[in-house]
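Novice: Supplied in structure tokens, the structure appears directly below.
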Amino acid sequence: MTTNPSRTLLPVPNPHEDRDYEVEIECPEFSALCPVTGQPDFATITFKYIPGPYIVELKSLKLYLWSFRDEGHFHEDVTNMILKDFVRLIQPRKLHVTGKFNVRGGIYTTVRAEYEAER
């Protein structure tokens with residue numbers, strides 16, 4: 001059974017919303033296309049977040065990241081898009097998204113984007 005990529009992140013009620021704790025998720029198989037050459041770019045996307053009312057359902061996160069595979073994005077743009085969507089749908093108290101992109105033309109790129117909710 002195959003499941004199609006989707007831009008939907010499914011929120012799951014946080015079973016410990018009364019306390020701060022950190023969740024780290026590492027996704028080493030991210031890929032998108034270079035918007036200039038159309039060549040594939042590969043990256044490890046890492047999420048570090050303190051949940052608010054929700055945690056993310058991991059299969060939905062996998063399918064969400066998969067949805068970028070056939071699209072052209074600059075590294076900086078796609079990392080910030082991922083952060084914005086995660087904040088909008090999962091509503092974390094704090095979030096760091098790191099995109100560590102594999103070497104391309106002798107250059108590695110690491111993009112870090114962060115968010116912190118007002119308290």
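Quick note on naming: the chains in the structure tokens go A, B, ... in the order shown, residues restart at 1 in each chain, and ligands are numbered from 1 in order of appearance.
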Which polymer residues have any atom within 7 Å of an atom of range 3-17 of chain A, counting only C-alpha atoms, with same-chain residues fewer than 3 positions away left out, as a list of chain:residue names?
Specialist: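 Once the adjacent positions are removed, what remains is A:Gly52, A:Pro53, A:Tyr54, A:Ile55, A:Val56, A:Glu57, A:Ser60, A:Leu61, A:Leu63, A:Tyr64, A:Trp66, A:Ser67, A:Leu89, A:Ile90.
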Novice: Check the DSSP output for the backbone and give back, as a PyMOL selection string, the residues of chain A in strand (DSSP E or B).
Specialist: chain A and resi 11-13+23-33+40-50+54-56+72+94-104+107-116
Novice: For the residues in that selection, give me N, CA and C atoms as a short mmCIF file (atom, residue, chain, number, x, y, z; two decimals), in the first residue's frame.
Specialist:
```cif
data_model
loop_
_atom_site.label_atom_id
_atom_site.label_comp_id
_atom_site.auth_asym_id
_atom_site.auth_seq_id
_atom_site.Cartn_x
_atom_site.Cartn_y
_atom_site.Cartn_z
N PRO A 11 -1.89 17.11 14.02
CA PRO A 11 -1.63 17.35 15.44
C PRO A 11 -2.26 16.25 16.29
N VAL A 12 -1.53 15.84 17.32
CA VAL A 12 -2.00 14.86 18.30
C VAL A 12 -2.00 15.58 19.65
N PRO A 13 -3.05 15.44 20.45
CA PRO A 13 -3.04 16.11 21.76
C PRO A 13 -1.80 15.76 22.58
N VAL A 23 11.37 17.63 22.23
CA VAL A 23 11.26 16.52 21.29
C VAL A 23 12.23 16.82 20.16
N GLU A 24 13.04 15.84 19.80
CA GLU A 24 13.95 15.99 18.66
C GLU A 24 13.62 14.92 17.63
N ILE A 25 13.43 15.35 16.40
CA ILE A 25 13.10 14.44 15.30
C ILE A 25 14.11 14.71 14.19
N GLU A 26 14.75 13.65 13.72
CA GLU A 26 15.74 13.80 12.65
C GLU A 26 15.24 13.04 11.43
N CYS A 27 15.21 13.73 10.30
CA CYS A 27 14.71 13.16 9.05
C CYS A 27 15.83 13.21 8.01
N PRO A 28 16.62 12.12 7.87
CA PRO A 28 17.81 12.15 7.03
C PRO A 28 17.56 11.94 5.54
N GLU A 29 16.31 11.79 5.12
CA GLU A 29 16.04 11.48 3.72
C GLU A 29 15.25 12.57 2.99
N PHE A 30 15.39 13.82 3.42
CA PHE A 30 14.68 14.91 2.75
C PHE A 30 15.28 15.15 1.37
N SER A 31 14.43 15.42 0.41
CA SER A 31 14.92 15.84 -0.91
C SER A 31 13.95 16.82 -1.54
N ALA A 32 14.53 17.71 -2.32
CA ALA A 32 13.78 18.68 -3.13
C ALA A 32 14.64 18.92 -4.36
N LEU A 33 14.16 19.73 -5.27
CA LEU A 33 14.92 20.02 -6.48
C LEU A 33 15.53 21.41 -6.39
N PRO A 40 18.47 17.14 -8.01
CA PRO A 40 17.99 16.87 -6.65
C PRO A 40 18.96 17.40 -5.60
N ASP A 41 18.40 17.94 -4.53
CA ASP A 41 19.14 18.34 -3.34
C ASP A 41 18.70 17.41 -2.22
N PHE A 42 19.65 16.95 -1.43
CA PHE A 42 19.36 16.05 -0.32
C PHE A 42 19.77 16.70 0.98
N ALA A 43 19.01 16.44 2.03
CA ALA A 43 19.29 17.09 3.32
C ALA A 43 18.80 16.22 4.47
N THR A 44 19.33 16.54 5.63
CA THR A 44 18.78 16.04 6.88
C THR A 44 18.05 17.22 7.52
N ILE A 45 16.78 17.04 7.77
CA ILE A 45 15.97 18.07 8.44
C ILE A 45 15.79 17.61 9.89
N THR A 46 16.17 18.49 10.82
CA THR A 46 16.04 18.18 12.24
C THR A 46 15.09 19.17 12.90
N PHE A 47 14.16 18.63 13.65
CA PHE A 47 13.20 19.42 14.42
C PHE A 47 13.56 19.26 15.89
N LYS A 48 13.66 20.36 16.61
CA LYS A 48 13.76 20.35 18.07
C LYS A 48 12.66 21.27 18.55
N TYR A 49 11.71 20.71 19.29
CA TYR A 49 10.59 21.56 19.72
C TYR A 49 10.12 21.23 21.12
N ILE A 50 9.57 22.25 21.74
CA ILE A 50 8.87 22.10 23.00
C ILE A 50 7.39 22.16 22.65
N TYR A 54 -0.11 20.38 21.18
CA TYR A 54 -0.03 19.22 20.30
C TYR A 54 1.40 18.72 20.14
N ILE A 55 1.50 17.45 19.77
CA ILE A 55 2.73 16.87 19.22
C ILE A 55 2.40 16.49 17.79
N VAL A 56 3.42 16.23 16.98
CA VAL A 56 3.17 15.89 15.57
C VAL A 56 3.09 14.37 15.40
N GLY A 72 10.93 22.63 -6.82
CA GLY A 72 12.16 23.40 -6.75
C GLY A 72 12.10 24.42 -5.62
N LYS A 94 8.11 26.29 21.39
CA LYS A 94 9.40 26.69 20.83
C LYS A 94 9.78 25.66 19.77
N LEU A 95 10.42 26.14 18.69
CA LEU A 95 10.79 25.24 17.60
C LEU A 95 12.07 25.71 16.93
N HIS A 96 12.97 24.77 16.69
CA HIS A 96 14.17 24.98 15.88
C HIS A 96 14.11 23.96 14.74
N VAL A 97 14.22 24.45 13.51
CA VAL A 97 14.30 23.56 12.36
C VAL A 97 15.67 23.80 11.72
N THR A 98 16.41 22.72 11.52
CA THR A 98 17.72 22.81 10.87
C THR A 98 17.68 21.97 9.60
N GLY A 99 18.07 22.59 8.50
CA GLY A 99 18.24 21.88 7.24
C GLY A 99 19.72 21.79 6.94
N LYS A 100 20.27 20.58 6.99
CA LYS A 100 21.68 20.37 6.70
C LYS A 100 21.75 19.70 5.33
N PHE A 101 22.06 20.51 4.32
CA PHE A 101 22.01 20.07 2.93
C PHE A 101 23.35 19.48 2.51
N ASN A 102 23.28 18.38 1.78
CA ASN A 102 24.49 17.69 1.32
C ASN A 102 25.28 18.56 0.36
N VAL A 103 26.53 18.17 0.17
CA VAL A 103 27.43 18.95 -0.68
C VAL A 103 26.89 19.05 -2.11
N ARG A 104 27.03 20.24 -2.67
CA ARG A 104 26.65 20.49 -4.07
C ARG A 104 27.65 21.49 -4.61
N ILE A 107 30.02 22.85 -1.96
CA ILE A 107 29.48 23.72 -0.91
C ILE A 107 28.42 22.96 -0.11
N TYR A 108 28.57 22.99 1.21
CA TYR A 108 27.54 22.50 2.12
C TYR A 108 26.73 23.70 2.59
N THR A 109 25.44 23.51 2.79
CA THR A 109 24.60 24.58 3.33
C THR A 109 23.87 24.05 4.55
N THR A 110 23.88 24.84 5.63
CA THR A 110 23.08 24.53 6.81
C THR A 110 22.24 25.76 7.10
N VAL A 111 20.93 25.56 7.18
CA VAL A 111 19.99 26.64 7.45
C VAL A 111 19.29 26.34 8.77
N ARG A 112 19.28 27.33 9.67
CA ARG A 112 18.59 27.18 10.95
C ARG A 112 17.51 28.25 11.05
N ALA A 113 16.30 27.82 11.36
CA ALA A 113 15.19 28.76 11.56
C ALA A 113 14.56 28.43 12.90
N GLU A 114 14.10 29.46 13.60
CA GLU A 114 13.52 29.20 14.92
C GLU A 114 12.30 30.07 15.18
N TYR A 115 11.53 29.59 16.13
CA TYR A 115 10.28 30.26 16.54
C TYR A 115 10.12 30.07 18.05
N GLU A 116 9.60 31.09 18.71
CA GLU A 116 9.25 30.97 20.12
C GLU A 116 7.94 31.71 20.34
#
```
Novice: Could you tell me how far CA of Arg19 in chain A lies from CA of Gln91 in chain A, in Å and to one decimal?
Specialist: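 Computing it gives 14.9 Å between the two atoms.
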Novice: Would you please give, as a VMD selection string, all residues of chain A that DSSP assigns to helix (DSSP H, G or I) based on the backbone?
Specialist: chain A and resid 58 to 66 75 to 90
Novice: Counting only C-alpha atoms, figure out which residue out of A:Arg93, A:Gly105, A:Glu71, A:Phe86 gets nearest to Gly38 in chain A.
Specialist: A:Glu71
Novice: Which distance in Å separates CA of Asn80 in chain A and CA of Pro92 in chain A, to one decimal?
Specialist: 15.2 Å
